[in-house]
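Next comes entry-v2.csv, a file with CSV, C-alpha atoms.
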```csv
chain,number,residue,atom,x,y,z
A,228,MET,CA,-32.2,50.5,68.4
A,229,ALA,CA,-33.8,47.1,68.3
A,230,ASP,CA,-31.7,44.0,67.7
A,231,PRO,CA,-31.8,42.6,64.2
A,232,THR,CA,-34.3,39.7,63.8
A,233,LEU,CA,-32.7,36.5,62.8
A,234,LEU,CA,-35.0,33.9,61.3
A,235,VAL,CA,-33.7,30.3,61.3
A,236,LEU,CA,-35.1,27.6,59.0
A,237,GLU,CA,-34.8,24.9,61.6
A,238,THR,CA,-34.0,21.2,61.5
A,239,ASP,CA,-32.9,18.9,64.3
A,240,PRO,CA,-30.5,19.4,66.0
A,241,PRO,CA,-30.8,23.2,65.9
A,242,PRO,CA,-27.8,25.5,65.7
A,243,ARG,CA,-26.1,26.7,68.9
A,244,LEU,CA,-26.6,30.4,68.8
A,245,GLY,CA,-26.1,31.3,72.5
A,246,ARG,CA,-23.3,33.7,71.6
A,247,LEU,CA,-25.9,35.9,69.9
A,248,THR,CA,-27.9,36.4,73.1
A,249,GLY,CA,-28.6,40.1,73.5
A,250,ARG,CA,-27.4,40.8,69.9
A,251,ALA,CA,-30.2,39.3,67.9
A,252,THR,CA,-33.8,38.4,68.2
A,253,VAL,CA,-33.8,34.8,67.1
A,254,ARG,CA,-37.0,33.3,65.7
A,255,TYR,CA,-37.5,29.8,64.2
A,256,ALA,CA,-39.5,28.6,61.2
A,257,ASP,CA,-40.2,25.4,59.3
A,258,GLU,CA,-41.5,24.7,55.9
A,259,SER,CA,-45.1,25.3,57.0
A,260,ASN,CA,-44.7,28.9,58.3
A,261,LEU,CA,-41.5,30.3,56.6
A,262,ALA,CA,-43.4,32.4,54.1
A,263,GLU,CA,-45.4,34.2,56.8
A,264,GLN,CA,-42.3,35.0,58.8
A,265,LEU,CA,-39.9,36.1,56.0
A,266,PRO,CA,-41.2,39.7,55.9
A,267,TYR,CA,-40.2,40.3,59.5
A,268,ALA,CA,-36.7,39.0,59.3
A,269,ASP,CA,-33.5,41.0,58.8
A,270,ALA,CA,-31.4,37.9,58.2
A,271,LEU,CA,-32.2,34.2,57.4
A,272,LEU,CA,-30.1,31.2,58.4
A,273,VAL,CA,-31.0,28.2,56.3
A,274,TRP,CA,-30.0,25.5,58.8
A,275,ASP,CA,-32.2,23.0,57.0
A,276,PHE,CA,-30.2,23.3,53.8
A,277,SER,CA,-31.8,20.2,52.2
A,278,SER,CA,-35.2,22.0,52.2
A,279,GLY,CA,-36.6,23.9,49.1
A,280,ALA,CA,-38.8,26.0,51.4
A,281,VAL,CA,-36.9,29.2,50.7
A,282,ARG,CA,-37.2,28.9,47.0
A,283,ASP,CA,-41.0,28.4,47.4
A,284,ALA,CA,-41.6,31.1,50.0
A,285,TRP,CA,-39.3,33.9,48.6
A,286,PRO,CA,-41.6,35.1,45.8
A,287,GLY,CA,-44.4,36.2,48.3
A,288,ASP,CA,-45.4,39.7,49.3
A,289,GLY,CA,-43.7,42.0,51.7
A,290,PRO,CA,-40.0,42.8,52.6
A,291,ARG,CA,-37.4,40.2,52.5
A,292,PRO,CA,-34.2,39.6,54.6
A,293,ARG,CA,-31.2,41.6,53.6
A,294,TRP,CA,-28.9,38.6,54.1
A,295,VAL,CA,-29.4,34.8,53.6
A,296,HIS,CA,-26.8,32.3,54.8
A,297,THR,CA,-27.1,28.6,54.0
A,298,ALA,CA,-25.2,26.0,56.0
A,299,SER,CA,-24.2,24.2,52.8
A,300,ALA,CA,-21.7,24.6,50.0
A,301,GLY,CA,-24.4,24.4,47.3
A,302,VAL,CA,-27.1,27.1,46.9
A,303,ASP,CA,-29.3,25.4,44.3
A,304,LYS,CA,-32.0,24.7,46.9
A,305,LEU,CA,-32.4,28.4,47.5
A,306,MET,CA,-32.4,30.1,44.2
A,307,CYS,CA,-35.4,31.5,42.5
A,308,PRO,CA,-35.7,34.4,40.0
A,309,GLU,CA,-37.0,36.8,42.7
A,310,LEU,CA,-34.0,36.0,45.1
A,311,ILE,CA,-31.5,36.4,42.2
A,312,ALA,CA,-32.9,39.7,41.2
A,313,SER,CA,-33.1,41.1,44.8
A,314,ASP,CA,-30.5,43.1,46.7
A,315,THR,CA,-30.3,40.3,49.3
A,316,ILE,CA,-26.7,39.0,49.9
A,317,VAL,CA,-26.4,35.2,49.9
A,318,THR,CA,-23.5,33.4,51.6
A,319,ASN,CA,-22.6,29.8,51.9
A,320,ALA,CA,-20.5,27.4,54.1
A,321,ARG,CA,-17.4,27.4,52.0
A,322,GLY,CA,-14.4,26.3,54.2
A,323,ILE,CA,-16.2,23.6,56.1
A,324,PHE,CA,-16.6,20.7,53.8
A,325,GLU,CA,-13.6,20.7,51.4
A,326,GLU,CA,-11.1,18.6,53.3
A,327,PRO,CA,-13.6,16.0,54.6
A,328,ILE,CA,-15.0,15.5,51.1
A,329,ALA,CA,-11.5,15.2,49.6
A,330,GLU,CA,-10.7,12.6,52.2
A,331,TYR,CA,-13.9,10.7,51.4
A,332,VAL,CA,-13.0,10.7,47.7
A,333,ALA,CA,-9.6,9.4,48.4
A,334,GLY,CA,-11.1,6.7,50.5
A,335,LEU,CA,-13.4,5.7,47.6
A,336,VAL,CA,-10.5,5.7,45.2
A,337,LEU,CA,-8.5,3.4,47.5
A,338,ALA,CA,-11.5,1.2,48.2
A,339,MET,CA,-12.3,0.6,44.5
A,340,ALA,CA,-8.6,0.2,43.5
A,341,LYS,CA,-8.1,-2.5,46.2
A,342,ASP,CA,-11.6,-4.0,45.8
A,343,LEU,CA,-12.5,-3.5,49.5
A,344,PRO,CA,-16.3,-4.0,48.8
A,345,GLY,CA,-15.4,-7.4,47.2
A,346,THR,CA,-13.3,-8.3,50.2
A,347,LEU,CA,-16.0,-7.5,52.7
A,348,GLU,CA,-18.6,-9.4,50.6
A,349,LEU,CA,-16.3,-12.5,50.4
A,350,GLN,CA,-15.7,-12.3,54.1
A,351,ARG,CA,-19.4,-12.2,54.8
A,352,ARG,CA,-19.8,-15.4,52.6
A,353,HIS,CA,-16.7,-17.0,54.3
A,354,ARG,CA,-15.0,-17.3,50.9
A,355,TRP,CA,-11.2,-17.1,50.3
A,356,ARG,CA,-10.6,-15.7,46.8
A,357,HIS,CA,-7.2,-14.1,46.0
A,358,ARG,CA,-7.3,-11.1,43.7
A,359,GLU,CA,-5.0,-8.4,42.4
A,360,GLY,CA,-5.5,-4.7,43.2
A,361,ILE,CA,-4.8,-1.7,41.1
A,362,ARG,CA,-1.9,0.7,41.7
A,363,VAL,CA,-3.3,4.2,42.7
A,364,SER,CA,0.1,5.9,42.4
A,365,GLY,CA,0.7,6.6,38.7
A,366,SER,CA,-3.0,6.5,37.8
A,367,ARG,CA,-4.8,9.5,36.2
A,368,ALA,CA,-7.8,11.5,37.5
A,369,THR,CA,-10.0,14.2,36.1
A,370,VAL,CA,-11.8,16.4,38.6
A,371,VAL,CA,-14.7,18.2,37.2
A,372,GLY,CA,-15.3,21.4,39.2
A,373,SER,CA,-12.6,23.9,40.1
A,374,GLY,CA,-14.1,25.3,43.2
A,375,PRO,CA,-12.6,24.8,46.7
A,376,ILE,CA,-14.0,21.2,46.9
A,377,GLY,CA,-12.6,20.2,43.5
A,378,LEU,CA,-9.2,21.7,44.3
A,379,ALA,CA,-9.1,20.0,47.7
A,380,VAL,CA,-9.9,16.7,46.0
A,381,ALA,CA,-7.2,17.2,43.4
A,382,ALA,CA,-4.6,18.1,46.1
A,383,THR,CA,-5.4,15.0,48.1
A,384,LEU,CA,-5.2,12.7,45.1
A,385,LYS,CA,-1.9,14.2,44.1
A,386,ALA,CA,-0.6,13.2,47.6
A,387,LEU,CA,-1.4,9.6,46.7
A,388,GLY,CA,0.6,9.9,43.5
A,389,VAL,CA,-2.3,10.4,41.1
A,390,THR,CA,-1.7,12.6,38.1
A,391,THR,CA,-4.7,15.0,38.4
A,392,ALA,CA,-6.3,17.4,35.9
A,393,VAL,CA,-9.0,19.9,37.0
A,394,THR,CA,-11.6,21.4,34.7
A,395,GLY,CA,-13.6,24.5,35.4
A,396,ARG,CA,-16.0,26.9,33.8
A,397,THR,CA,-13.1,28.9,32.3
A,398,ALA,CA,-9.5,28.0,31.5
A,399,ARG,CA,-6.8,29.6,33.6
A,400,ARG,CA,-3.4,28.6,35.0
A,401,GLY,CA,-3.7,25.1,36.3
A,402,ILE,CA,-7.3,24.7,35.3
A,403,HIS,CA,-8.6,23.3,32.0
A,404,GLY,CA,-11.6,24.8,30.2
A,405,PRO,CA,-14.7,22.7,29.4
A,406,GLU,CA,-13.6,22.2,25.8
A,407,GLN,CA,-10.8,19.9,27.2
A,408,LEU,CA,-13.2,17.7,29.1
A,409,PRO,CA,-13.7,15.0,26.4
A,410,ARG,CA,-10.0,14.5,26.0
A,411,LEU,CA,-9.4,14.4,29.7
A,412,LEU,CA,-12.2,11.9,30.3
A,413,ALA,CA,-10.8,9.6,27.6
A,414,GLY,CA,-7.5,9.2,29.5
A,415,ALA,CA,-8.7,9.2,33.1
A,416,ASP,CA,-8.8,6.2,35.4
A,417,TRP,CA,-10.8,8.2,37.9
A,418,VAL,CA,-13.5,10.8,37.1
A,419,ILE,CA,-14.6,12.9,40.1
A,420,CYS,CA,-17.6,15.2,39.8
A,421,ALA,CA,-17.4,18.1,42.2
A,422,ALA,CA,-19.2,20.8,40.1
A,423,PRO,CA,-21.9,23.1,41.3
A,424,LEU,CA,-25.4,22.6,40.1
A,425,THR,CA,-26.4,25.3,37.5
A,426,ASP,CA,-28.4,25.4,34.3
A,427,ASP,CA,-25.2,24.6,32.4
A,428,THR,CA,-24.2,21.6,34.5
A,429,ARG,CA,-27.5,19.9,35.1
A,430,GLY,CA,-27.4,16.4,33.6
A,431,MET,CA,-23.9,17.0,32.2
A,432,PHE,CA,-22.9,13.4,32.9
A,433,ASP,CA,-25.0,11.5,30.4
A,434,ALA,CA,-24.5,8.7,28.0
A,435,ARG,CA,-22.2,10.8,25.8
A,436,LEU,CA,-19.7,11.5,28.6
A,437,PHE,CA,-19.9,8.0,30.0
A,438,GLY,CA,-19.2,6.7,26.5
A,439,LEU,CA,-16.0,8.8,26.3
A,440,MET,CA,-14.6,7.1,29.4
A,441,GLN,CA,-12.3,4.1,29.0
A,442,PRO,CA,-13.7,0.7,30.2
A,443,SER,CA,-11.3,0.7,33.2
A,444,ALA,CA,-12.5,4.1,34.4
A,445,ARG,CA,-14.4,4.7,37.7
A,446,PHE,CA,-16.7,7.6,38.3
A,447,ILE,CA,-17.4,9.4,41.6
A,448,ASN,CA,-20.0,12.0,42.3
A,449,VAL,CA,-19.8,14.2,45.4
A,450,GLY,CA,-21.3,17.3,43.7
A,451,ARG,CA,-25.1,17.2,43.3
A,452,GLY,CA,-27.3,14.3,42.2
A,453,GLN,CA,-28.9,16.3,39.3
A,454,LEU,CA,-25.5,16.5,37.6
A,455,VAL,CA,-25.8,12.9,36.6
A,456,VAL,CA,-28.4,11.3,34.4
A,457,GLU,CA,-28.8,8.3,36.6
A,458,ASP,CA,-30.3,6.0,34.0
A,459,ASP,CA,-27.4,6.6,31.8
A,460,LEU,CA,-25.0,5.8,34.6
A,461,VAL,CA,-26.8,2.5,35.2
A,462,ALA,CA,-26.6,1.6,31.5
A,463,ALA,CA,-22.9,2.4,31.5
A,464,LEU,CA,-22.3,0.1,34.5
A,465,THR,CA,-24.5,-2.8,33.3
A,466,SER,CA,-23.0,-2.6,29.8
A,467,ARG,CA,-19.5,-2.4,31.3
A,468,TRP,CA,-18.7,0.9,29.5
A,469,ILE,CA,-17.0,1.8,32.8
A,470,ALA,CA,-15.6,-0.4,35.6
A,471,GLY,CA,-17.4,1.1,38.6
A,472,ALA,CA,-18.9,4.2,40.2
A,473,ALA,CA,-19.7,5.7,43.6
A,474,LEU,CA,-22.5,8.1,44.3
A,475,ASP,CA,-22.8,10.1,47.5
A,476,VAL,CA,-25.6,12.4,46.1
A,477,PHE,CA,-28.7,11.5,44.1
A,478,GLU,CA,-31.4,13.1,42.1
A,479,HIS,CA,-34.0,12.4,44.8
A,480,GLU,CA,-32.9,12.1,48.4
A,481,PRO,CA,-33.2,10.1,50.5
A,482,LEU,CA,-32.8,7.3,48.0
A,483,ASP,CA,-35.9,5.2,48.0
A,484,ALA,CA,-35.5,1.7,49.3
A,485,ALA,CA,-37.1,0.4,46.1
A,486,SER,CA,-34.6,2.2,43.9
A,487,ALA,CA,-32.7,0.1,41.4
A,488,LEU,CA,-29.5,2.0,42.2
A,489,TRP,CA,-29.0,-0.1,45.4
A,490,ASP,CA,-28.3,-3.2,43.4
A,491,VAL,CA,-26.4,-2.0,40.3
A,492,PRO,CA,-23.2,-4.0,39.9
A,493,GLY,CA,-20.1,-2.0,40.6
A,494,LEU,CA,-21.9,0.9,42.2
A,495,ILE,CA,-21.2,2.1,45.7
A,496,VAL,CA,-24.1,4.0,47.3
A,497,SER,CA,-23.6,6.3,50.3
A,498,PRO,CA,-26.2,8.6,51.9
A,499,HIS,CA,-24.9,12.1,51.2
A,500,MET,CA,-22.3,11.9,54.0
A,501,SER,CA,-19.0,12.7,52.3
A,502,GLY,CA,-18.6,16.1,54.0
A,503,ASP,CA,-20.0,15.2,57.4
A,504,THR,CA,-17.5,14.5,60.1
A,505,VAL,CA,-17.8,14.5,63.9
A,506,GLY,CA,-18.5,18.1,65.0
A,507,TRP,CA,-19.5,19.4,61.6
A,508,ARG,CA,-22.7,21.1,62.8
A,509,ASP,CA,-20.8,22.9,65.5
A,510,ARG,CA,-18.3,24.2,62.9
A,511,LEU,CA,-21.2,25.4,60.8
A,512,GLY,CA,-22.7,27.2,63.7
A,513,GLU,CA,-19.4,28.9,64.6
A,514,GLN,CA,-18.9,30.0,61.0
A,515,PHE,CA,-22.3,31.6,60.9
A,516,ILE,CA,-21.7,33.5,64.1
A,517,GLU,CA,-18.4,34.8,62.7
A,518,LEU,CA,-20.3,36.0,59.6
A,519,TYR,CA,-23.1,37.5,61.8
A,520,GLU,CA,-20.5,39.6,63.6
A,521,LEU,CA,-19.2,41.0,60.3
A,522,TRP,CA,-22.7,41.6,59.1
A,523,SER,CA,-24.0,43.3,62.3
A,524,ALA,CA,-20.9,45.6,62.3
A,525,GLY,CA,-21.5,46.6,58.7
A,526,LYS,CA,-18.3,44.9,57.5
A,527,PRO,CA,-18.0,43.1,54.1
A,528,LEU,CA,-19.0,39.4,54.3
A,529,THR,CA,-16.9,36.5,53.1
A,530,ASN,CA,-18.3,33.6,51.1
A,531,VAL,CA,-20.6,35.8,49.1
A,532,VAL,CA,-22.4,33.9,46.4
A,533,ASP,CA,-22.7,35.2,42.8
A,534,LYS,CA,-26.4,34.6,42.6
A,535,LYS,CA,-26.6,34.4,38.8
A,536,ARG,CA,-23.8,31.8,38.6
A,537,GLY,CA,-24.8,29.9,41.7
A,538,TYR,CA,-21.5,29.8,43.6
A,539,VAL,CA,-18.8,31.9,45.2
A,540,THR,CA,-16.7,33.3,42.3
A,541,GLY,CA,-13.0,33.2,42.1
A,542,HIS,CA,-12.8,29.4,41.6
A,543,ASP,CA,-14.6,28.9,38.3
```
Please express what this file holds, its structure, as structure tokens.
Amino acid sequence: MADPTLLVLETDPPPRLGRLTGRATVRYADESNLAEQLPYADALLVWDFSSGAVRDAWPGDGPRPRWVHTASAGVDKLMCPELIASDTIVTNARGIFEEPIAEYVAGLVLAMAKDLPGTLELQRRHRWRHREGIRVSGSRATVVGSGPIGLAVAATLKALGVTTAVTGRTARRGIHGPEQLPRLLAGADWVICAAPLTDDTRGMFDARLFGLMQPSARFINVGRGQLVVEDDLVAALTSRWIAGAALDVFEHEPLDAASALWDVPGLIVSPHMSGDTVGWRDRLGEQFIELYELWSAGKPLTNVVDKKRGYVTGHD
């Protein structure tokens, strides 16, 4: 029996798949030739998880892979009606990014509370200006998104003494339902968006939600850029509806050098790096090989995405 054909949507650096030698026929594709190779693949590894090539190529003619794995937490770049309706199993990289992102959010909270951006700017200008920081312990945070990333963020903030509430798609023990979000936003010092991108969440942070926040609140987005109406956030910051914000994800990436977001007062811009720590690509590759071993043995896969909801269920 021939080895399964594994197709890899490649980006540099490529995944280390040496452990699959003799167990899979590995072929590589890019955006230009993915569509023509899909019918010959048993499985697809979306290593280039920032690409929309799968969503564009999937509706074509011929057979499709029985399993698709994306080396990312979000699956919005993959999904199209044809993939959703198919029997293909989709898995994601749950378990890789949660703790690094939670640490990054905690770093942003501390940086904004202690005005570290202001300190660095004053140092650059050789200016001595005493200020007073904000106590993090005793403050209140609302985390929007009850998946593994949101729960990790909440746990890390609690360790800093922050009183934390988490909202999800449905209310359950320890998780508030969406109907509680306006009340929780109104009392939060920190609002952290870690929600998946779905039809229900797209553009959810708009002028209405920013208007519910108190003037001293700070907003952080580590979910998806399309969750935020960026013009409304800019208006909220320039009008001082809220005290500050930090974006690690954007509607269009990479952020254009001419974008007005770079110069918005009170906004910290980072290049979609909150989950990326030294060795993260190796961990993604190891995770995929573990999943491949399950799949090739006919065993149930972990990290299976509910394709209609757009995320791994059990944390909504």
Item to check | Nearest residue to A:Leu305 from the set A:Leu424, A:Ala382, A:Ala398, A:Ile323 (distances using all atoms listed in the file) | outcome: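 Looking only at the distances to A:Leu305, the closest residue turns out to be A:Leu424.
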Next on the checklist: Residues near A:Ala329, anyone? I mean within 10 Å using all atoms listed in the file, not counting same-chain ones fewer than 6 positions away, as a list in words.
Outcome noted: Leu335, Ile376, Gly377, Leu378, Ala379, Val380, Ala381, Ala382, Thr383, Leu384, Ala421, Val449, Ser501 and Gly502 of chain A
Item to check | Straight-line distance linking atom CA of A:Ile402 with atom CA of A:Ala472, stated in Å to one decimal | outcome: 24.1 Å
Next on the checklist: Please report the interatomic distance between atom CA of A:Ala368 and atom CA of A:Gln407 in Å with one decimal.
Outcome noted: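 Going from atom CA of A:Ala368 over to atom CA of A:Gln407, I get 13.6 Å.
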Checklist entry - With distances taken over only C-alpha atoms, which of A:Pro240, A:Pro498, A:Gly322, A:Pro423 is nearest to A:Thr529? => result A:Gly322
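With distances restricted to only C-alpha atoms, A:Gln453 is the closest residue to A:Asp433 from A:Thr390, A:Ser277, A:Ser366, A:Gln453.
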Checklist entry - Any idea what's packed within 12 Å of A:Gly289, counting all atoms listed in the file, ignoring anything in its chain fewer than 2 positions away? Could you give it as a PyMOL selection string? => result chain A and resi 262-268+284-287+291-292
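Excluding A:Leu518 itself and any same-chain residue fewer than 4 positions from it, the protein and nucleic acid residues within 7 Å of it, counting all atoms listed in the file, are Gln514, Trp522 and Leu528 of chain A.
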Item to check | Pairwise distance for atom CA of A:Ser523 and atom CA of A:Thr504, rounded to one decimal in Å | outcome: 29.6 Å
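With all atoms listed in the file as the atoms that count, the residue of A:Arg399, A:Arg246, A:Arg435, A:Arg282 with the shortest distance to A:Leu412 is A:Arg435.
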Item to check | Residues within 8 Å of (-16.7, 27.4, 45.8), file coords, all atoms listed in the file, listed as JSON, numbers by chain | outcome: {"A": [300, 321, 373, 374, 375, 376, 538, 539, 540, 541, 542, 543]}
Item to check | Who sits within 12 Å of A:Asp303, all atoms listed in the file, same chain under 5 positions skipped, as a PyMOL selection string | outcome: chain A and resi 276-282+297+308+310-311+317+319+422-426+428-429+450-454+532-538
Can you pull out the residues contacting stretch 345-355 of chain A? Cut-off 12 Å, using only C-alpha atoms, and skip same-chain residues under 5 positions away; I want them as an mmCIF file with C-alpha atoms, in the frame of the given file.
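Okay, this is what ended up in out_33.cif:
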```
data_model
loop_
_atom_site.group_PDB
_atom_site.id
_atom_site.type_symbol
_atom_site.label_atom_id
_atom_site.label_comp_id
_atom_site.auth_asym_id
_atom_site.auth_seq_id
_atom_site.Cartn_x
_atom_site.Cartn_y
_atom_site.Cartn_z
ATOM 1 C CA ALA A 338 -11.500 1.200 48.200
ATOM 2 C CA MET A 339 -12.300 0.600 44.500
ATOM 3 C CA ALA A 340 -8.600 0.200 43.500
ATOM 4 C CA GLY A 360 -5.500 -4.700 43.200
ATOM 5 C CA PRO A 492 -23.200 -4.000 39.900
ATOM 6 C CA GLY A 493 -20.100 -2.000 40.600
ATOM 7 C CA LEU A 494 -21.900 0.900 42.200
ATOM 8 C CA ILE A 495 -21.200 2.100 45.700
#
```
